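Enquirer: Following this line is coords14.cif, made up of mmCIF, C-alpha atoms:
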```
data_coords
loop_
_atom_site.label_atom_id
_atom_site.label_comp_id
_atom_site.auth_asym_id
_atom_site.auth_seq_id
_atom_site.Cartn_x
_atom_site.Cartn_y
_atom_site.Cartn_z
CA MET A 1 10.20 -25.05 -2.50
CA PRO A 2 8.74 -28.37 -3.72
CA THR A 3 6.02 -27.96 -6.34
CA PRO A 4 2.52 -29.44 -5.93
CA GLU A 5 3.26 -31.63 -8.95
CA HIS A 6 6.44 -32.99 -7.36
CA MET A 7 4.73 -33.67 -4.03
CA THR A 8 1.85 -35.44 -5.79
CA ASP A 9 4.34 -37.54 -7.74
CA VAL A 10 6.15 -38.55 -4.55
CA VAL A 11 2.87 -39.77 -3.01
CA HIS A 12 2.16 -41.91 -6.08
CA ARG A 13 5.73 -43.26 -6.14
CA TYR A 14 5.47 -44.11 -2.43
CA LEU A 15 2.30 -46.14 -2.89
CA ALA A 16 3.66 -47.81 -6.05
CA ALA A 17 6.89 -48.77 -4.26
CA ILE A 18 4.95 -50.38 -1.40
CA ASN A 19 2.74 -52.26 -3.86
CA ALA A 20 5.90 -53.47 -5.63
CA GLY A 21 7.44 -54.54 -2.31
CA ASP A 22 10.41 -52.28 -3.09
CA MET A 23 11.38 -50.73 0.23
CA GLU A 24 14.64 -49.34 -1.20
CA ALA A 25 12.50 -47.26 -3.56
CA VAL A 26 10.52 -46.03 -0.57
CA MET A 27 13.79 -44.96 1.10
CA GLU A 28 14.77 -42.88 -1.93
CA LEU A 29 11.83 -40.57 -1.22
CA PHE A 30 13.05 -39.72 2.28
CA ALA A 31 15.68 -37.17 3.32
CA ASN A 32 18.76 -38.50 5.14
CA ASN A 33 17.55 -36.81 8.33
CA ALA A 34 13.97 -38.04 7.95
CA ALA A 35 11.77 -39.02 10.89
CA VAL A 36 8.88 -41.48 10.59
CA GLU A 37 6.17 -41.27 13.29
CA ASP A 38 3.99 -44.32 12.62
CA PRO A 39 1.51 -44.32 14.21
CA ALA A 40 1.10 -40.71 15.34
CA GLY A 41 2.01 -40.31 18.99
CA THR A 42 4.83 -42.88 19.00
CA GLU A 43 8.57 -42.19 19.09
CA PRO A 44 9.73 -41.24 15.56
CA LYS A 45 12.05 -43.68 13.83
CA THR A 46 15.19 -42.29 12.17
CA GLY A 47 18.18 -43.53 10.17
CA PRO A 48 18.44 -47.24 9.33
CA ALA A 49 15.49 -47.98 11.64
CA ILE A 50 13.20 -46.54 8.95
CA LEU A 51 14.11 -49.19 6.38
CA THR A 52 13.84 -51.94 9.01
CA PHE A 53 10.40 -50.62 9.97
CA TYR A 54 9.12 -50.73 6.38
CA GLN A 55 10.63 -54.15 5.75
CA ASN A 56 8.97 -55.56 8.86
CA ALA A 57 5.64 -53.84 8.27
CA PHE A 58 5.27 -55.10 4.71
CA SER A 59 7.17 -58.41 4.83
CA GLY A 60 3.92 -60.28 4.14
CA GLY A 61 3.15 -58.15 1.09
CA ALA A 62 0.81 -55.19 0.95
CA LYS A 63 -1.68 -53.58 -1.37
CA VAL A 64 -2.21 -49.86 -0.82
CA GLU A 65 -4.56 -47.48 -2.63
CA LEU A 66 -5.80 -43.93 -2.16
CA THR A 67 -9.33 -43.64 -0.74
CA ASP A 68 -9.75 -39.87 -1.22
CA SER A 69 -7.97 -36.91 -2.81
CA ILE A 70 -4.45 -35.81 -1.89
CA ARG A 71 -4.51 -32.51 0.02
CA ILE A 72 -1.51 -30.35 -0.90
CA SER A 73 -0.41 -27.29 1.06
CA ALA A 74 2.80 -25.25 0.73
CA LYS A 75 5.29 -27.95 1.76
CA THR A 76 3.05 -30.76 2.94
CA THR A 77 0.76 -33.46 1.59
CA ALA A 78 -1.98 -35.32 3.43
CA PHE A 79 -3.38 -38.42 1.76
CA PRO A 80 -5.97 -40.96 2.84
CA PHE A 81 -5.34 -44.56 1.83
CA ARG A 82 -6.23 -48.14 2.63
CA ALA A 83 -3.59 -50.80 3.22
CA ALA A 84 -4.24 -54.54 3.02
CA ILE A 85 -1.26 -56.17 4.69
CA GLY A 86 -0.56 -59.91 4.66
CA GLN A 87 0.03 -61.48 8.06
CA ALA A 88 2.15 -64.47 9.07
CA ASP A 89 -0.99 -66.54 9.78
CA GLY A 90 -2.34 -65.92 6.27
CA LYS A 91 -4.95 -63.37 7.33
CA VAL A 92 -5.05 -59.83 6.01
CA LEU A 93 -4.88 -56.71 8.14
CA ASN A 94 -6.92 -53.87 6.61
CA VAL A 95 -5.97 -50.41 7.82
CA GLU A 96 -7.38 -47.01 6.85
CA VAL A 97 -4.60 -44.45 7.25
CA ILE A 98 -3.91 -40.78 6.57
CA ASP A 99 -0.23 -40.06 6.01
CA ILE A 100 1.26 -36.59 6.30
CA PHE A 101 4.45 -35.94 4.31
CA GLU A 102 6.46 -32.83 5.19
CA PHE A 103 8.94 -31.96 2.44
CA ASN A 104 12.30 -30.22 2.63
CA GLU A 105 13.51 -27.68 0.07
CA ALA A 106 15.11 -30.47 -1.97
CA GLY A 107 11.75 -32.19 -2.35
CA LYS A 108 12.54 -35.11 -0.05
CA VAL A 109 10.21 -36.27 2.74
CA GLU A 110 11.65 -34.97 6.00
CA LYS A 111 8.82 -36.08 8.29
CA MET A 112 6.15 -38.70 7.84
CA THR A 113 3.29 -39.06 10.29
CA ALA A 114 0.77 -41.90 9.93
CA HIS A 115 -2.65 -41.31 11.46
CA PHE A 116 -4.59 -44.45 12.36
CA GLY A 117 -5.54 -46.54 15.35
CA PRO A 118 -7.57 -49.57 16.44
CA ALA A 119 -10.79 -47.95 15.16
CA ASN A 120 -9.30 -48.02 11.64
CA ILE A 121 -8.22 -51.67 11.63
CA THR A 122 -10.14 -54.77 10.57
CA MET A 123 -8.87 -58.31 10.01
CA SER A 124 -10.07 -60.46 7.14
CA GLU A 125 -9.34 -63.92 5.77
CA GLY A 126 -6.54 -63.96 3.21
CA MET B 1 -6.06 -39.35 27.74
CA PRO B 2 -8.99 -38.55 25.40
CA THR B 3 -10.91 -41.64 24.27
CA PRO B 4 -11.46 -42.48 20.58
CA GLU B 5 -15.20 -42.02 21.18
CA HIS B 6 -14.66 -38.53 22.59
CA MET B 7 -12.34 -37.49 19.76
CA THR B 8 -14.82 -38.80 17.17
CA ASP B 9 -17.61 -36.89 18.89
CA VAL B 10 -15.57 -33.67 18.80
CA VAL B 11 -15.05 -34.03 15.04
CA HIS B 12 -18.79 -34.45 14.49
CA ARG B 13 -19.60 -31.52 16.79
CA TYR B 14 -17.06 -29.36 14.94
CA LEU B 15 -18.64 -30.06 11.55
CA ALA B 16 -22.17 -29.63 12.93
CA ALA B 17 -21.25 -26.28 14.52
CA ILE B 18 -19.86 -24.99 11.22
CA ASN B 19 -22.97 -26.16 9.37
CA ALA B 20 -25.10 -24.36 11.98
CA GLY B 21 -23.01 -21.18 11.61
CA ASP B 22 -22.32 -21.36 15.35
CA MET B 23 -18.70 -20.28 15.75
CA GLU B 24 -19.04 -19.99 19.54
CA ALA B 25 -19.79 -23.73 19.55
CA VAL B 26 -16.63 -24.27 17.50
CA MET B 27 -14.64 -22.33 20.12
CA GLU B 28 -15.90 -24.58 22.93
CA LEU B 29 -14.01 -27.48 21.37
CA PHE B 30 -10.65 -25.69 21.58
CA ALA B 31 -8.31 -25.39 24.56
CA ASN B 32 -7.58 -21.88 25.84
CA ASN B 33 -4.01 -22.19 24.57
CA ALA B 34 -5.04 -23.64 21.20
CA ALA B 35 -3.23 -22.87 17.95
CA VAL B 36 -4.91 -23.03 14.53
CA GLU B 37 -2.61 -23.48 11.51
CA ASP B 38 -4.93 -23.02 8.52
CA PRO B 39 -3.66 -23.70 5.95
CA ALA B 40 -0.65 -25.83 6.93
CA GLY B 41 2.56 -23.83 6.62
CA THR B 42 1.10 -20.50 7.72
CA GLU B 43 1.60 -18.76 11.06
CA PRO B 44 -0.72 -20.37 13.65
CA LYS B 45 -3.54 -18.22 15.00
CA THR B 46 -4.04 -18.11 18.77
CA GLY B 47 -6.38 -16.50 21.31
CA PRO B 48 -9.22 -14.26 20.07
CA ALA B 49 -7.77 -14.39 16.53
CA ILE B 50 -9.16 -17.93 16.25
CA LEU B 51 -12.79 -16.83 16.62
CA THR B 52 -12.23 -13.92 14.21
CA PHE B 53 -10.71 -16.33 11.71
CA TYR B 54 -13.70 -18.69 11.82
CA GLN B 55 -16.20 -15.83 11.65
CA ASN B 56 -14.48 -14.39 8.59
CA ALA B 57 -13.98 -17.75 6.88
CA PHE B 58 -17.60 -18.79 7.21
CA SER B 59 -19.44 -15.43 7.14
CA GLY B 60 -21.10 -16.39 3.85
CA GLY B 61 -22.34 -19.68 5.25
CA ALA B 62 -20.76 -23.08 4.79
CA LYS B 63 -21.74 -26.69 4.31
CA VAL B 64 -19.15 -29.22 5.43
CA GLU B 65 -19.26 -33.01 5.23
CA LEU B 66 -16.82 -35.89 5.72
CA THR B 67 -15.52 -37.44 2.50
CA ASP B 68 -13.75 -40.43 4.08
CA SER B 69 -13.31 -42.12 7.46
CA ILE B 70 -11.89 -40.39 10.54
CA ARG B 71 -8.44 -41.72 11.38
CA ILE B 72 -7.91 -41.86 15.15
CA SER B 73 -4.54 -42.35 16.83
CA ALA B 74 -3.61 -42.02 20.51
CA LYS B 75 -4.30 -38.29 20.93
CA THR B 76 -4.99 -37.14 17.39
CA THR B 77 -7.67 -37.31 14.72
CA ALA B 78 -7.24 -36.80 10.98
CA PHE B 79 -10.42 -36.31 8.96
CA PRO B 80 -11.02 -35.60 5.28
CA PHE B 81 -13.93 -33.31 4.44
CA ARG B 82 -15.35 -31.08 1.78
CA ALA B 83 -16.40 -27.49 2.49
CA ALA B 84 -18.73 -25.48 0.26
CA ILE B 85 -18.29 -21.87 1.37
CA GLY B 86 -20.48 -19.01 0.21
CA GLN B 87 -18.61 -16.02 -1.24
CA ALA B 88 -19.53 -12.31 -1.25
CA ASP B 89 -20.15 -12.44 -5.02
CA GLY B 90 -22.66 -15.27 -4.64
CA LYS B 91 -20.35 -17.98 -5.91
CA VAL B 92 -19.37 -21.03 -3.89
CA LEU B 93 -15.80 -22.01 -3.01
CA ASN B 94 -15.43 -25.79 -2.82
CA VAL B 95 -12.43 -26.97 -0.84
CA GLU B 96 -11.26 -30.51 -0.05
CA VAL B 97 -9.44 -30.43 3.27
CA ILE B 98 -7.87 -32.79 5.78
CA ASP B 99 -7.89 -31.40 9.31
CA ILE B 100 -5.62 -32.72 12.06
CA PHE B 101 -6.85 -32.25 15.64
CA GLU B 102 -4.32 -32.74 18.44
CA PHE B 103 -6.04 -33.18 21.80
CA ASN B 104 -4.87 -32.29 25.29
CA GLU B 105 -5.48 -34.49 28.34
CA ALA B 106 -8.76 -32.66 29.02
CA GLY B 107 -10.08 -33.64 25.60
CA LYS B 108 -9.88 -30.15 24.10
CA VAL B 109 -8.29 -29.43 20.71
CA GLU B 110 -4.86 -27.92 21.39
CA LYS B 111 -3.66 -27.76 17.79
CA MET B 112 -5.58 -27.75 14.53
CA THR B 113 -3.79 -28.02 11.20
CA ALA B 114 -5.75 -27.74 7.94
CA HIS B 115 -4.18 -29.42 4.90
CA PHE B 116 -5.29 -28.01 1.55
CA GLY B 117 -4.04 -25.76 -1.23
CA PRO B 118 -4.92 -24.41 -4.67
CA ALA B 119 -5.04 -27.95 -6.09
CA ASN B 120 -7.94 -28.70 -3.74
CA ILE B 121 -10.08 -25.64 -4.55
CA THR B 122 -12.74 -25.20 -7.19
CA MET B 123 -15.24 -22.38 -7.65
CA SER B 124 -18.84 -23.00 -8.64
CA GLU B 125 -21.96 -20.89 -9.22
CA GLY B 126 -24.05 -20.43 -6.09
#
```
If you took the structure in this file and wrote it as structure tokens, what would it be?

Expert:
Amino acid sequence: MPTPEHMTDVVHRYLAAINAGDMEAVMELFANNAAVEDPAGTEPKTGPAILTFYQNAFSGGAKVELTDSIRISAKTTAFPFRAAIGQADGKVLNVEVIDIFEFNEAGKVEKMTAHFGPANITMSEG
Amino acid sequence: MPTPEHMTDVVHRYLAAINAGDMEAVMELFANNAAVEDPAGTEPKTGPAILTFYQNAFSGGAKVELTDSIRISAKTTAFPFRAAIGQADGKVLNVEVIDIFEFNEAGKVEKMTAHFGPANITMSEG
């Protein structure tokens, strides 16, 4: 069973890896059989498609930061954050998201679900 | 498909009903086949057990309020809130929670999952 301390650490490492633009470090947090449902309600991505997804999503650089406390249950974390994501046209996409991480026994993220939609998105000048 | 406006309204009605101590009003937001997994990782409650659960949880009175924005995807909301729940001994249990509501086509909550654990709980004098 993953400990609360481990799960908290994984959330911080995830955000730090995105801020560093290090998508390989993001991948290290996921289980081999992980599924990424981003946004919630879409077909989950698996396998190599997960890395491609992260690379595409954050190719323009991103700054992410927690906006509220991490909620930690037995094998799951829920954490609210804000992402400012550079766009090809130089503008910045600002998204308020809540990610759910479901952990396996080995402490890897087996399922990620990202909750956000148009109501949580604003565009600003870069 | 439930609209973002409807799902937002349901979240506000849910919190208002808890603050009013009106658990029947909470029940009106749920589908007949709803499942309530509170906290995440426990066996979901269904049927009449849902009302009993809410009555027991909030029998000492509760004050709930959003602590961050509501994230709204296609058929799901995720919302961070704080609950201050009166205890039998007069103390107050403070819990930081993120609830996930999954909506059916009729706009009723079909699945509720509450994310929190010991790390999110503090006790204070009443």

Enquirer: Output the contact residues of chain B with respect to chain A at a cut-off of 6 Å, based on all atoms listed in the file, as a short mmCIF file (atom, residue, chain, number, x, y, z; two decimals) with C-alpha atoms, in the frame of the given file.

Expert:
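Generated file (part20.cif):
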```cif
data_model
loop_
_atom_site.label_atom_id
_atom_site.label_comp_id
_atom_site.auth_asym_id
_atom_site.auth_seq_id
_atom_site.Cartn_x
_atom_site.Cartn_y
_atom_site.Cartn_z
CA ARG B 71 -8.44 -41.72 11.38
CA ILE B 72 -7.91 -41.86 15.15
CA SER B 73 -4.54 -42.35 16.83
CA HIS B 115 -4.18 -29.42 4.90
CA PHE B 116 -5.29 -28.01 1.55
CA GLY B 117 -4.04 -25.76 -1.23
#
```

Enquirer: Can you list what the PyMOL selection byres ((chain A and resi 49) around 12) grabs from this structure, as a PyMOL selection string?

Expert: chain A and resi 27+32-37+43-48+50-57

Enquirer: Rank A:Met123, A:Met112, A:Ala84, A:Val92 by their smallest atom-to-atom distance to Phe30 (chain A), using all atoms listed in the file, and report the top residue only.

Expert: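 Ranked by minimum distance to Phe30 (chain A), first place goes to A:Met112.
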
Enquirer: Would you work out the distance separating CA of His6 (chain B) from CA of Phe103 (chain B), expressed in Å to one decimal?

Expert: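 Separation between CA of His6 (chain B) and CA of Phe103 (chain B): 10.2 Å.
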
Enquirer: Please indicate the distance in Å from CA of Arg82 (chain A) to CA of Asn94 (chain A), rounded to one decimal place.

Expert: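 Separating CA of Arg82 (chain A) from CA of Asn94 (chain A) is a distance of 7.0 Å.
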
Enquirer: Mind giving me the straight-line distance from CA of Thr8 (chain A) to CA of Leu29 (chain A) in Å, one decimal?

Expert: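 Distance reported for this atom pair: 12.1 Å.
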
Enquirer: So which one's closest to Leu93 (chain B), B:Thr3, B:Ser124, B:Asp22, B:Val11? Using all atoms listed in the file, please.

Expert: B:Ser124

Enquirer: Just need the box for region 77-80 of chain A, edges along x, y and z, holding every atom the file lists for it with 8 Å tacked onto each side, so centre and edge lengths in Å to one decimal, as lines of an AutoDock Vina configuration file.

Expert:
```
center_x = -2.6
center_y = -37.2
center_z = 2.5
size_x = 22.7
size_y = 23.5
size_z = 17.8
```

Enquirer: What residues come out when you apply the PyMOL selection byres ((chain A and resi 89) around 10) to this file, written as a tab-separated table (two decimals) with C-alpha atoms, keeping the file's coordinate frame?

Expert:
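The new file out-v4.tsv reads:
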```
chain	number	residue	atom	x	y	z
A	60	GLY	CA	3.92	-60.28	4.14
A	86	GLY	CA	-0.56	-59.91	4.66
A	87	GLN	CA	0.03	-61.48	8.06
A	88	ALA	CA	2.15	-64.47	9.07
A	90	GLY	CA	-2.34	-65.92	6.27
A	91	LYS	CA	-4.95	-63.37	7.33
A	92	VAL	CA	-5.05	-59.83	6.01
A	125	GLU	CA	-9.34	-63.92	5.77
A	126	GLY	CA	-6.54	-63.96	3.21
```

Enquirer: Expand the PyMOL selection byres ((chain A and resi 14) around 10) into the individual residues it matches in the shown file, reporting them as a PyMOL selection string.

Expert: chain A and resi 8-13+15-20+22-23+25-30+64
